[in-house]
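**Student:** Starting off with a structure, shown below.
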Amino acid sequence: AKVNQGQNNIAQALEFAGHAFSISPEHPLVLRILADLYLAGNDTQRALGMVESILAQSPQDPYALLVSNSLVDNTENALALQAVKARIEKLSASLPVPSSELMFLRGLIGYQEGAFETALSEFSHLYKQRAYFPQTVVLLAKAQLQLGQRAEAIKVLEANQEMLLKDAPTAYALLIELFIEQGTVFKALGSWQTFIDTYPDRIDAKLLEVKILLGRGLLARGAEKLAVLREQYPESVEIQTVFAVVMARSNQPEQALLAVDSLLKREPDNAYLLNFKGALHLMLKQFEQAAQALNNALSISDELIPAKVNHIWLSYQLGNTEQAVNDARELSSKFPRDLSVGQLYAGLLLSSGQSGQAMNQYLRLMKLDDSQQNVLEALVALRIQNNNITAAIQSLSRLIELEYNTAQNLLRRAQLSNVVGDVKKAENDLKKAALLANNEPLLLIATANAAVQIGNQRLAIQSLHRARELMPGDLLAGVKLAEIFLNINQSAEAEVVLGQLVSDHSGQADVWLLKGRLAEQFGDLKLAMKHYYKALSLNSGYDLVYAKLYTLTHYDIGVKEFEQTLSRRVAEHPDLVFTRNLLAQFYYYQQRLELAAKHYVYLSENLLSEDKKPAFARRLAQSYFHFDITKGIEYTNIAAQSMPDDPYVKSLTGWSLTLQNLPQDAVKLLREAHTLDGNNLDTGYFLAYTLSQLGLNNEALQVVSQLLDKQTGFTYQK
């Protein structure tokens, strides 16, 4: 029976143990192995029967007391266990060298009583002595998990996985679960393959396949496999629980709740299920029901940390932010090594605007376990926010080491490396990402975007061609590809792509915008205008199209149509900043300055934030100086208060002094502005005019001659 139990042949083991029981129904070793086998099969009633038979013969048998105490609350057994514990302590104190057996018993009792630090200490000693393997390995890892030491637990289990596979397959399954939780899904996949090959009929092995698929983001395939398992094992609590998790993760909390309620009918006092129910009600914003379920869970198990975490989250959802943060701080100080608690506290600090303290908490959690995806992601975001790009790259590098969303994180690291000027590293990351994304069209498109940012047009084109192979006729990939060809002036290639896009997506404004750009590259500006208006007919709010049509007016193409179209848009949507500003700019460069000023005033008084008003005050001054000098001086003073060092503001300030008959005061400012920005034609005119006012005609003539040599028109050209 024991040999078969070791090989996980539970049915065969029960058969042999049954023969042993028929020969010697009171033999304690027979009773013990039967109890173990019944426990392995979740038959707690029969297991309890065996344990009670042992206690009838030996009322203080430690193992029987431990098992009995874990199955049912029994004051008499609990007191007996305390007596055994006292005897163990007394005996341990009398021995010159600690006994391995007594340490094992102390660890077991500590674990059952919730004294996990004690259990950890005892099992750690035994682990170093390699005593009571594989039980010590499993119990040490479980104690570490109870104390939030996930990384240490994985290390212990991973170091002994060959032994666990043979002698403790349930613990081997736990290791795979931890790999999945950690996010190292491909490591989990390798271990699972070994597991399923060794134990093809185990339910937990079949369920792990589903969990790995979910971990890889393959939700549909995972759900499909799970549906088959639900049909095969309709009574399996674990399969129903995983189904509820899948429904929750696929944003179907109502379905998940039905599954959990079904499980609670069988086990109404299961604190873990009640906590799950509370979490689902939280997802559904059903706060009253969530509170009831979580309170029930905590009344059954007042130290159930996940329920405490959800209860704090409930407080936050109800708007009690300060209370939630305080409760999380208290729970974190009580369980400083529990990662879920630490993440809750850090997240609440971040949500309440305490980003500095949140950063400290995330860094503390990293010291406990540097493999937590959520913590690393939070650190990336905070470090980018603080402009600490180098540290953000380090966090992304760790995510890549752990195989979390590797292709996406390679892309992110490439973009950040490009920001700090490490183009070579960015290129290497992009190439790796492209290889990993070879069969993922959306990732290929993301790779192309990143490649464009670092200037690798060739890789961008390769990635988009591959994306289009996988998704023929896809709008996004086609648009991106045509855009790149246009950007690098490969008009013929762009024309081929756009021909297909027009055929497949003639109702998309983006396609006609690109057709317009292509017509511009071929030099047919009237055809470009026609395509741009087609784009506007499909999307009247497309700002980029208005900008393109505005550019065509510089070549005297469609000036009247543009004014009418843009004026109509501004009249229909008076508070859109872009279109009103574009209309003002159009009037300014058409030298219809009173109309320009009217729109700039509206923008400044109604639509702009305070920080943007000075720049518009400058443009208003430019406009008003042509028809209302007093207003021009007024707006120049407004701009000068906020932007005294801006070259154009210096220029306008000098011009206002000239117009107030103070050319001697003006000339210094105008010379300085002209030195800072010699390309500003208005400044050149102001300087020439002021020099002539001072009688410096030769110098004035030199500046004027330079202005007349310019072919570009400007408002003072005549």
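Labeling convention for the structure tokens: chains A, B, ... as they appear, residues from 1 per chain, ligands from 1 in order of appearance.
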Write out as a compact mmCIF listing (two decimals) with all heavy atoms, in the first residue's frame which residues come within 7 Å of Lys650 (chain A) when counting only C-alpha atoms, dropping same-chain ones fewer than 4 positions away.
**Tutor:**
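Now in around-v5.txt:
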```
# COMPACT_ATOMS: atom_id res chain seq x y z
N PRO A 644 9.71 87.35 -20.63
CA PRO A 644 10.61 88.48 -20.91
C PRO A 644 11.83 88.11 -21.75
O PRO A 644 12.40 88.97 -22.43
CB PRO A 644 11.04 88.95 -19.51
CG PRO A 644 10.86 87.74 -18.65
CD PRO A 644 9.69 87.02 -19.21
N ASP A 645 12.23 86.81 -21.72
CA ASP A 645 13.44 86.41 -22.45
C ASP A 645 13.14 85.84 -23.83
O ASP A 645 14.06 85.46 -24.55
CB ASP A 645 14.22 85.36 -21.63
CG ASP A 645 14.70 85.94 -20.31
OD1 ASP A 645 15.07 87.13 -20.30
OD2 ASP A 645 14.69 85.21 -19.30
N ASP A 646 11.87 85.78 -24.20
CA ASP A 646 11.51 85.28 -25.52
C ASP A 646 11.95 86.30 -26.58
O ASP A 646 11.62 87.50 -26.48
CB ASP A 646 9.99 85.08 -25.58
CG ASP A 646 9.54 84.55 -26.93
OD1 ASP A 646 9.52 83.33 -27.09
OD2 ASP A 646 9.23 85.38 -27.82
N GLY A 654 10.41 96.19 -28.01
CA GLY A 654 11.17 97.25 -28.67
C GLY A 654 10.30 98.04 -29.64
O GLY A 654 10.34 99.27 -29.69
N LEU A 669 16.97 96.67 -27.38
CA LEU A 669 16.15 95.45 -27.34
C LEU A 669 16.03 94.81 -28.72
O LEU A 669 16.10 93.58 -28.86
CB LEU A 669 14.74 95.78 -26.81
CG LEU A 669 14.57 95.92 -25.30
CD1 LEU A 669 13.19 96.46 -24.98
CD2 LEU A 669 14.78 94.57 -24.61
N LEU A 670 15.87 95.63 -29.75
CA LEU A 670 15.67 95.10 -31.10
C LEU A 670 16.96 94.47 -31.65
O LEU A 670 16.91 93.43 -32.33
CB LEU A 670 15.18 96.20 -32.04
CG LEU A 670 13.73 96.65 -31.77
CD1 LEU A 670 13.40 97.93 -32.52
CD2 LEU A 670 12.75 95.54 -32.19
N ALA A 673 17.17 91.11 -29.91
CA ALA A 673 16.19 90.16 -30.46
C ALA A 673 16.65 89.67 -31.83
O ALA A 673 16.53 88.49 -32.16
CB ALA A 673 14.82 90.82 -30.56
```
**Student:** Do a neighbour search on region 179-191 of chain A at 6 Å with only C-alpha atoms, toss out local chain neighbours closer than 5 positions, and write the hits as a PyMOL selection string.
**Tutor:** chain A and resi 402-404
**Student:** What would the file look like if the residues just selected were written as a PDB file, in the first residue's frame with all heavy atoms?
**Tutor:**
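Once everything was written out, this is out.pdb:
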```pdb
ATOM      1  N   LEU A 402      12.262  37.667 -16.264  1.00  0.00           N
ATOM      2  CA  LEU A 402      11.227  36.795 -15.704  1.00  0.00           C
ATOM      3  C   LEU A 402      10.218  36.329 -16.760  1.00  0.00           C
ATOM      4  O   LEU A 402       9.254  35.638 -16.430  1.00  0.00           O
ATOM      5  CB  LEU A 402      10.484  37.531 -14.580  1.00  0.00           C
ATOM      6  CG  LEU A 402      11.335  37.870 -13.352  1.00  0.00           C
ATOM      7  CD1 LEU A 402      10.624  38.880 -12.471  1.00  0.00           C
ATOM      8  CD2 LEU A 402      11.651  36.615 -12.558  1.00  0.00           C
ATOM      9  N   GLU A 403      10.420  36.746 -18.018  1.00  0.00           N
ATOM     10  CA  GLU A 403       9.567  36.334 -19.132  1.00  0.00           C
ATOM     11  C   GLU A 403       8.141  36.856 -18.997  1.00  0.00           C
ATOM     12  O   GLU A 403       7.175  36.204 -19.404  1.00  0.00           O
ATOM     13  CB  GLU A 403       9.552  34.800 -19.281  1.00  0.00           C
ATOM     14  CG  GLU A 403      10.927  34.205 -19.546  1.00  0.00           C
ATOM     15  CD  GLU A 403      10.922  32.682 -19.486  1.00  0.00           C
ATOM     16  OE1 GLU A 403       9.876  32.099 -19.183  1.00  0.00           O
ATOM     17  OE2 GLU A 403      11.964  32.087 -19.752  1.00  0.00           O
ATOM     18  N   TYR A 404       7.990  38.042 -18.380  1.00  0.00           N
ATOM     19  CA  TYR A 404       6.674  38.691 -18.333  1.00  0.00           C
ATOM     20  C   TYR A 404       6.462  39.476 -19.624  1.00  0.00           C
ATOM     21  O   TYR A 404       7.205  40.414 -19.899  1.00  0.00           O
ATOM     22  CB  TYR A 404       6.589  39.690 -17.173  1.00  0.00           C
ATOM     23  CG  TYR A 404       6.448  39.102 -15.806  1.00  0.00           C
ATOM     24  CD1 TYR A 404       7.307  39.475 -14.778  1.00  0.00           C
ATOM     25  CD2 TYR A 404       5.442  38.202 -15.512  1.00  0.00           C
ATOM     26  CE1 TYR A 404       7.174  38.966 -13.498  1.00  0.00           C
ATOM     27  CE2 TYR A 404       5.301  37.682 -14.249  1.00  0.00           C
ATOM     28  CZ  TYR A 404       6.166  38.068 -13.241  1.00  0.00           C
ATOM     29  OH  TYR A 404       6.027  37.561 -11.991  1.00  0.00           O
TER      30      TYR A 404
END
```
**Student:** Need the shell around Val420 (chain A): protein/DNA/RNA residues with any atom at most 9 Å away, counting only C-alpha atoms. Skip same-chain ones fewer than 3 positions apart. Format as a ChimeraX atom specification?
**Tutor:** /A:389-390,416-417,423
**Student:** Could you write out the selected residues, including N, CA and C atoms, as a JSON list (two decimals), in the first residue's frame?
**Tutor:**
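Saved result, out_10.json, follows:
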```json
[["chain", "number", "residue", "atom", "x", "y", "z"],
["A", 389, "ILE", "N", 14.78, 57.50, -16.10],
["A", 389, "ILE", "CA", 14.64, 56.54, -17.20],
["A", 389, "ILE", "C", 15.57, 55.33, -17.02],
["A", 390, "THR", "N", 16.78, 55.59, -16.51],
["A", 390, "THR", "CA", 17.74, 54.49, -16.33],
["A", 390, "THR", "C", 17.19, 53.44, -15.36],
["A", 416, "LEU", "N", 12.68, 53.40, -24.34],
["A", 416, "LEU", "CA", 13.37, 54.14, -23.28],
["A", 416, "LEU", "C", 14.87, 54.24, -23.56],
["A", 417, "SER", "N", 15.45, 53.17, -24.10],
["A", 417, "SER", "CA", 16.88, 53.21, -24.45],
["A", 417, "SER", "C", 17.12, 54.29, -25.50],
["A", 423, "VAL", "N", 21.01, 53.98, -28.83],
["A", 423, "VAL", "CA", 20.29, 53.51, -30.02],
["A", 423, "VAL", "C", 20.64, 52.06, -30.34]]
```
**Student:** Using only C-alpha atoms, which of A:His19, A:Arg249, A:Arg337, A:Lys560 sits nearest Ala279 (chain A)?
**Tutor:**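 Among the listed residues, A:Arg249 lies closest to Ala279 (chain A).
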**Student:** If we count only C-alpha atoms, what is near Phe686 (chain A) at a cut-off of 9 Å, once residues fewer than 4 positions away on the same chain are taken out, given as JSON, numbers by chain?
**Tutor:** {"A": [651, 652, 654, 655, 658, 670, 681, 682, 690, 691]}
**Student:** Please report, as a PyMOL selection string, each residue of region 174-401 of chain A to which DSSP assigns helix (DSSP H, G or I) when run on this structure's backbone.
**Tutor:** chain A and resi 174-182+185-198+203-215+219-232+237-249+253-266+271-283+287-300+305-317+321-334+339-351+355-368+373-385+389-401
**Student:** Using only C-alpha atoms, which protein or nucleic acid residues come within 10 Å of region 489-495 of chain A? Drop anything in the same chain fewer than 2 positions from it, and give the result as a JSON list (two decimals) with all heavy atoms, in the first residue's frame.
**Tutor:**
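Once written, selection-v4.json looks like this:
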```
[["chain", "number", "residue", "atom", "x", "y", "z"],
["A", 478, "GLY", "N", -2.08, 48.32, -42.72],
["A", 478, "GLY", "CA", -1.97, 48.95, -44.04],
["A", 478, "GLY", "C", -1.72, 50.44, -43.95],
["A", 478, "GLY", "O", -0.87, 51.00, -44.66],
["A", 479, "VAL", "N", -2.46, 51.12, -43.07],
["A", 479, "VAL", "CA", -2.30, 52.57, -42.89],
["A", 479, "VAL", "C", -0.88, 52.89, -42.42],
["A", 479, "VAL", "O", -0.23, 53.81, -42.93],
["A", 479, "VAL", "CB", -3.35, 53.10, -41.89],
["A", 479, "VAL", "CG1", -2.98, 54.48, -41.38],
["A", 479, "VAL", "CG2", -4.72, 53.15, -42.56],
["A", 481, "LEU", "N", 1.83, 51.12, -42.81],
["A", 481, "LEU", "CA", 2.80, 50.82, -43.87],
["A", 481, "LEU", "C", 2.80, 51.93, -44.92],
["A", 481, "LEU", "O", 3.86, 52.42, -45.33],
["A", 481, "LEU", "CB", 2.48, 49.47, -44.51],
["A", 481, "LEU", "CG", 3.50, 48.93, -45.51],
["A", 481, "LEU", "CD1", 4.88, 48.81, -44.90],
["A", 481, "LEU", "CD2", 3.04, 47.57, -46.04],
["A", 482, "ALA", "N", 1.61, 52.35, -45.36],
["A", 482, "ALA", "CA", 1.51, 53.42, -46.35],
["A", 482, "ALA", "C", 2.13, 54.71, -45.80],
["A", 482, "ALA", "O", 2.83, 55.44, -46.52],
["A", 482, "ALA", "CB", 0.05, 53.66, -46.72],
["A", 483, "GLU", "N", 1.89, 54.97, -44.52],
["A", 483, "GLU", "CA", 2.41, 56.18, -43.87],
["A", 483, "GLU", "C", 3.94, 56.19, -43.89],
["A", 483, "GLU", "O", 4.57, 57.21, -44.20],
["A", 483, "GLU", "CB", 1.90, 56.22, -42.43],
["A", 483, "GLU", "CG", 1.97, 57.57, -41.78],
["A", 483, "GLU", "CD", 1.22, 57.58, -40.45],
["A", 483, "GLU", "OE1", 1.04, 56.51, -39.84],
["A", 483, "GLU", "OE2", 0.85, 58.68, -40.04],
["A", 484, "ILE", "N", 4.54, 55.04, -43.57],
["A", 484, "ILE", "CA", 6.01, 54.96, -43.57],
["A", 484, "ILE", "C", 6.55, 55.17, -44.98],
["A", 484, "ILE", "O", 7.52, 55.92, -45.18],
["A", 484, "ILE", "CB", 6.48, 53.61, -43.00],
["A", 484, "ILE", "CG1", 6.18, 53.53, -41.50],
["A", 484, "ILE", "CG2", 7.98, 53.41, -43.22],
["A", 484, "ILE", "CD1", 6.38, 52.17, -40.88],
["A", 485, "PHE", "N", 5.93, 54.53, -45.98],
["A", 485, "PHE", "CA", 6.39, 54.71, -47.37],
["A", 485, "PHE", "C", 6.32, 56.19, -47.78],
["A", 485, "PHE", "O", 7.22, 56.71, -48.45],
["A", 485, "PHE", "CB", 5.57, 53.85, -48.33],
["A", 485, "PHE", "CG", 5.95, 52.39, -48.33],
["A", 485, "PHE", "CD1", 4.98, 51.40, -48.35],
["A", 485, "PHE", "CD2", 7.29, 52.01, -48.31],
["A", 485, "PHE", "CE1", 5.33, 50.05, -48.36],
["A", 485, "PHE", "CE2", 7.65, 50.66, -48.32],
["A", 485, "PHE", "CZ", 6.67, 49.68, -48.35],
["A", 486, "LEU", "N", 5.25, 56.87, -47.36],
["A", 486, "LEU", "CA", 5.12, 58.29, -47.68],
["A", 486, "LEU", "C", 6.20, 59.11, -46.96],
["A", 486, "LEU", "O", 6.77, 60.04, -47.54],
["A", 486, "LEU", "CB", 3.73, 58.80, -47.29],
["A", 486, "LEU", "CG", 2.57, 58.31, -48.18],
["A", 486, "LEU", "CD1", 1.23, 58.63, -47.54],
["A", 486, "LEU", "CD2", 2.66, 58.93, -49.58],
["A", 487, "ASN", "N", 6.47, 58.75, -45.70],
["A", 487, "ASN", "CA", 7.47, 59.50, -44.92],
["A", 487, "ASN", "C", 8.86, 59.40, -45.53],
["A", 487, "ASN", "O", 9.67, 60.32, -45.39],
["A", 487, "ASN", "CB", 7.51, 58.99, -43.48],
["A", 487, "ASN", "CG", 6.26, 59.34, -42.70],
["A", 487, "ASN", "OD1", 5.49, 60.21, -43.12],
["A", 487, "ASN", "ND2", 6.04, 58.69, -41.58],
["A", 497, "VAL", "N", 0.04, 50.00, -51.70],
["A", 497, "VAL", "CA", -0.65, 49.71, -50.43],
["A", 497, "VAL", "C", -1.99, 50.45, -50.38],
["A", 497, "VAL", "O", -3.02, 49.89, -50.00],
["A", 497, "VAL", "CB", 0.23, 50.10, -49.23],
["A", 497, "VAL", "CG1", -0.52, 49.90, -47.92],
["A", 497, "VAL", "CG2", 1.52, 49.29, -49.23],
["A", 498, "LEU", "N", -1.98, 51.73, -50.80],
["A", 498, "LEU", "CA", -3.21, 52.52, -50.74],
["A", 498, "LEU", "C", -4.26, 52.03, -51.73],
["A", 498, "LEU", "O", -5.47, 52.12, -51.45],
["A", 498, "LEU", "CB", -2.89, 54.00, -51.00],
["A", 498, "LEU", "CG", -2.24, 54.71, -49.81],
["A", 498, "LEU", "CD1", -1.71, 56.08, -50.20],
["A", 498, "LEU", "CD2", -3.25, 54.85, -48.67],
["A", 499, "GLY", "N", -3.81, 51.48, -52.84],
["A", 499, "GLY", "CA", -4.77, 50.90, -53.78],
["A", 499, "GLY", "C", -5.58, 49.79, -53.13],
["A", 499, "GLY", "O", -6.81, 49.71, -53.29],
["A", 500, "GLN", "N", -4.89, 48.94, -52.35],
["A", 500, "GLN", "CA", -5.58, 47.86, -51.64],
["A", 500, "GLN", "C", -6.48, 48.41, -50.54],
["A", 500, "GLN", "O", -7.60, 47.94, -50.34],
["A", 500, "GLN", "CB", -4.53, 46.91, -51.04],
["A", 500, "GLN", "CG", -5.12, 45.67, -50.37],
["A", 500, "GLN", "CD", -5.85, 44.76, -51.35],
["A", 500, "GLN", "OE1", -5.34, 44.46, -52.42],
["A", 500, "GLN", "NE2", -7.06, 44.35, -51.01],
["A", 501, "LEU", "N", -5.98, 49.46, -49.84],
["A", 501, "LEU", "CA", -6.77, 50.03, -48.74],
["A", 501, "LEU", "C", -8.05, 50.69, -49.25],
["A", 501, "LEU", "O", -9.11, 50.58, -48.63],
["A", 501, "LEU", "CB", -5.93, 51.06, -47.97],
["A", 501, "LEU", "CG", -4.84, 50.49, -47.05],
["A", 501, "LEU", "CD1", -3.98, 51.61, -46.48],
["A", 501, "LEU", "CD2", -5.47, 49.70, -45.90],
["A", 514, "LEU", "N", -4.22, 59.74, -46.44],
["A", 514, "LEU", "CA", -2.97, 59.26, -47.02],
["A", 514, "LEU", "C", -2.99, 59.38, -48.55],
["A", 514, "LEU", "O", -1.95, 59.66, -49.17],
["A", 514, "LEU", "CB", -2.72, 57.81, -46.60],
["A", 514, "LEU", "CG", -2.44, 57.61, -45.10],
["A", 514, "LEU", "CD1", -2.37, 56.13, -44.76],
["A", 514, "LEU", "CD2", -1.15, 58.31, -44.69],
["A", 515, "LYS", "N", -4.16, 59.18, -49.15],
["A", 515, "LYS", "CA", -4.27, 59.39, -50.61],
["A", 515, "LYS", "C", -3.95, 60.85, -50.96],
["A", 515, "LYS", "O", -3.31, 61.13, -51.99],
["A", 515, "LYS", "CB", -5.68, 59.04, -51.09],
["A", 515, "LYS", "CG", -5.98, 57.55, -51.16],
["A", 515, "LYS", "CD", -5.41, 56.91, -52.42],
["A", 515, "LYS", "CE", -6.20, 57.28, -53.66],
["A", 515, "LYS", "NZ", -5.63, 56.63, -54.87],
["A", 517, "ARG", "N", -1.94, 62.83, -49.23],
["A", 517, "ARG", "CA", -0.50, 63.00, -49.08],
["A", 517, "ARG", "C", 0.24, 62.44, -50.30],
["A", 517, "ARG", "O", 1.22, 63.02, -50.77],
["A", 517, "ARG", "CB", 0.00, 62.29, -47.81],
["A", 517, "ARG", "CG", -0.34, 63.02, -46.52],
["A", 517, "ARG", "CD", 0.31, 62.34, -45.33],
["A", 517, "ARG", "NE", 1.77, 62.26, -45.49],
["A", 517, "ARG", "CZ", 2.55, 61.53, -44.71],
["A", 517, "ARG", "NH1", 2.03, 60.80, -43.73],
["A", 517, "ARG", "NH2", 3.86, 61.51, -44.91],
["A", 518, "LEU", "N", -0.25, 61.30, -50.80],
["A", 518, "LEU", "CA", 0.37, 60.70, -51.98],
["A", 518, "LEU", "C", 0.24, 61.63, -53.20],
["A", 518, "LEU", "O", 1.20, 61.83, -53.95],
["A", 518, "LEU", "CB", -0.28, 59.34, -52.28],
["A", 518, "LEU", "CG", 0.25, 58.59, -53.50],
["A", 518, "LEU", "CD1", 1.71, 58.18, -53.30],
["A", 518, "LEU", "CD2", -0.60, 57.35, -53.79],
["A", 519, "ALA", "N", -0.94, 62.21, -53.36],
["A", 519, "ALA", "CA", -1.15, 63.15, -54.48],
["A", 519, "ALA", "C", -0.21, 64.34, -54.36],
["A", 519, "ALA", "O", 0.34, 64.82, -55.36],
["A", 519, "ALA", "CB", -2.61, 63.61, -54.49],
["A", 521, "GLN", "N", 2.77, 64.26, -53.01],
["A", 521, "GLN", "CA", 4.10, 63.81, -53.40],
["A", 521, "GLN", "C", 4.24, 63.72, -54.92],
["A", 521, "GLN", "O", 5.32, 63.94, -55.47],
["A", 521, "GLN", "CB", 4.42, 62.45, -52.76],
["A", 521, "GLN", "CG", 4.79, 62.58, -51.29],
["A", 521, "GLN", "CD", 5.42, 61.31, -50.72],
["A", 521, "GLN", "OE1", 5.65, 60.33, -51.43],
["A", 521, "GLN", "NE2", 5.69, 61.33, -49.43],
["A", 522, "PHE", "N", 3.14, 63.40, -55.59],
["A", 522, "PHE", "CA", 3.17, 63.35, -57.06],
["A", 522, "PHE", "C", 3.02, 64.76, -57.67],
["A", 522, "PHE", "O", 3.05, 64.91, -58.89],
["A", 522, "PHE", "CB", 2.06, 62.44, -57.58],
["A", 522, "PHE", "CG", 2.37, 60.96, -57.46],
["A", 522, "PHE", "CD1", 1.43, 60.08, -56.96],
["A", 522, "PHE", "CD2", 3.61, 60.46, -57.84],
["A", 522, "PHE", "CE1", 1.71, 58.71, -56.85],
["A", 522, "PHE", "CE2", 3.89, 59.11, -57.74],
["A", 522, "PHE", "CZ", 2.95, 58.23, -57.25]]
```
**Student:** Do you know which residues are at most 9 Å from region 470-477 of chain A counting only C-alpha atoms, after dropping those on the same chain fewer than 5 positions away, and could you put them as a ChimeraX atom specification?
**Tutor:** /A:439-442,444-445,464-465,482,500-501,504-505,508,511
**Student:** Please produce a file of the residues just selected, as a PDB file, in the first residue's frame, where the atoms kept are N, CA, C and O atoms.
**Tutor:**
```
ATOM      1  N   ASN A 439       4.311  35.869 -34.932  1.00  0.00           N
ATOM      2  CA  ASN A 439       2.952  35.373 -35.210  1.00  0.00           C
ATOM      3  C   ASN A 439       1.877  36.158 -34.464  1.00  0.00           C
ATOM      4  O   ASN A 439       0.740  35.708 -34.365  1.00  0.00           O
ATOM      5  N   GLU A 440       2.243  37.321 -33.924  1.00  0.00           N
ATOM      6  CA  GLU A 440       1.298  38.163 -33.177  1.00  0.00           C
ATOM      7  C   GLU A 440       1.151  39.486 -33.920  1.00  0.00           C
ATOM      8  O   GLU A 440       1.969  40.398 -33.756  1.00  0.00           O
ATOM      9  N   PRO A 441       0.128  39.639 -34.763  1.00  0.00           N
ATOM     10  CA  PRO A 441       0.034  40.830 -35.617  1.00  0.00           C
ATOM     11  C   PRO A 441       0.034  42.157 -34.856  1.00  0.00           C
ATOM     12  O   PRO A 441       0.682  43.107 -35.274  1.00  0.00           O
ATOM     13  N   LEU A 442      -0.692  42.224 -33.727  1.00  0.00           N
ATOM     14  CA  LEU A 442      -0.745  43.495 -32.991  1.00  0.00           C
ATOM     15  C   LEU A 442       0.615  43.852 -32.415  1.00  0.00           C
ATOM     16  O   LEU A 442       1.004  45.025 -32.374  1.00  0.00           O
ATOM     17  N   LEU A 444       3.429  42.950 -33.770  1.00  0.00           N
ATOM     18  CA  LEU A 444       4.240  43.356 -34.928  1.00  0.00           C
ATOM     19  C   LEU A 444       3.990  44.824 -35.272  1.00  0.00           C
ATOM     20  O   LEU A 444       4.919  45.558 -35.611  1.00  0.00           O
ATOM     21  N   ILE A 445       2.741  45.246 -35.159  1.00  0.00           N
ATOM     22  CA  ILE A 445       2.418  46.658 -35.416  1.00  0.00           C
ATOM     23  C   ILE A 445       3.071  47.546 -34.359  1.00  0.00           C
ATOM     24  O   ILE A 445       3.634  48.600 -34.669  1.00  0.00           O
ATOM     25  N   LEU A 464       5.504  45.267 -40.528  1.00  0.00           N
ATOM     26  CA  LEU A 464       4.154  45.534 -41.044  1.00  0.00           C
ATOM     27  C   LEU A 464       3.795  44.595 -42.189  1.00  0.00           C
ATOM     28  O   LEU A 464       2.645  44.181 -42.316  1.00  0.00           O
ATOM     29  N   HIS A 465       4.775  44.258 -43.019  1.00  0.00           N
ATOM     30  CA  HIS A 465       4.506  43.277 -44.078  1.00  0.00           C
ATOM     31  C   HIS A 465       4.083  41.941 -43.462  1.00  0.00           C
ATOM     32  O   HIS A 465       3.138  41.292 -43.928  1.00  0.00           O
ATOM     33  N   ALA A 482       1.609  52.346 -45.356  1.00  0.00           N
ATOM     34  CA  ALA A 482       1.512  53.425 -46.346  1.00  0.00           C
ATOM     35  C   ALA A 482       2.130  54.713 -45.795  1.00  0.00           C
ATOM     36  O   ALA A 482       2.833  55.444 -46.518  1.00  0.00           O
ATOM     37  N   GLN A 500      -4.893  48.943 -52.353  1.00  0.00           N
ATOM     38  CA  GLN A 500      -5.578  47.862 -51.642  1.00  0.00           C
ATOM     39  C   GLN A 500      -6.479  48.408 -50.537  1.00  0.00           C
ATOM     40  O   GLN A 500      -7.603  47.944 -50.337  1.00  0.00           O
ATOM     41  N   LEU A 501      -5.985  49.459 -49.839  1.00  0.00           N
ATOM     42  CA  LEU A 501      -6.769  50.034 -48.736  1.00  0.00           C
ATOM     43  C   LEU A 501      -8.054  50.687 -49.254  1.00  0.00           C
ATOM     44  O   LEU A 501      -9.107  50.576 -48.627  1.00  0.00           O
ATOM     45  N   ASP A 504     -10.482  47.944 -49.891  1.00  0.00           N
ATOM     46  CA  ASP A 504     -11.026  47.259 -48.702  1.00  0.00           C
ATOM     47  C   ASP A 504     -11.688  48.196 -47.699  1.00  0.00           C
ATOM     48  O   ASP A 504     -12.570  47.784 -46.946  1.00  0.00           O
ATOM     49  N   HIS A 505     -11.234  49.466 -47.645  1.00  0.00           N
ATOM     50  CA  HIS A 505     -11.679  50.375 -46.573  1.00  0.00           C
ATOM     51  C   HIS A 505     -11.974  51.765 -47.130  1.00  0.00           C
ATOM     52  O   HIS A 505     -11.461  52.776 -46.625  1.00  0.00           O
ATOM     53  N   GLN A 508     -12.992  54.814 -44.765  1.00  0.00           N
ATOM     54  CA  GLN A 508     -12.129  55.241 -43.661  1.00  0.00           C
ATOM     55  C   GLN A 508     -11.409  56.542 -44.016  1.00  0.00           C
ATOM     56  O   GLN A 508     -10.713  56.636 -45.028  1.00  0.00           O
ATOM     57  N   VAL A 511      -7.553  56.575 -44.795  1.00  0.00           N
ATOM     58  CA  VAL A 511      -7.117  56.133 -46.127  1.00  0.00           C
ATOM     59  C   VAL A 511      -7.082  57.320 -47.090  1.00  0.00           C
ATOM     60  O   VAL A 511      -6.120  57.511 -47.852  1.00  0.00           O
TER      61      VAL A 511
END
```
**Student:** May I have the residues within 12 Å of Tyr588 (chain A) as a PyMOL selection string, using only C-alpha atoms and disregarding those fewer than 2 positions away in the same chain?
**Tutor:** chain A and resi 581-586+590-600+619-624+626+714-715
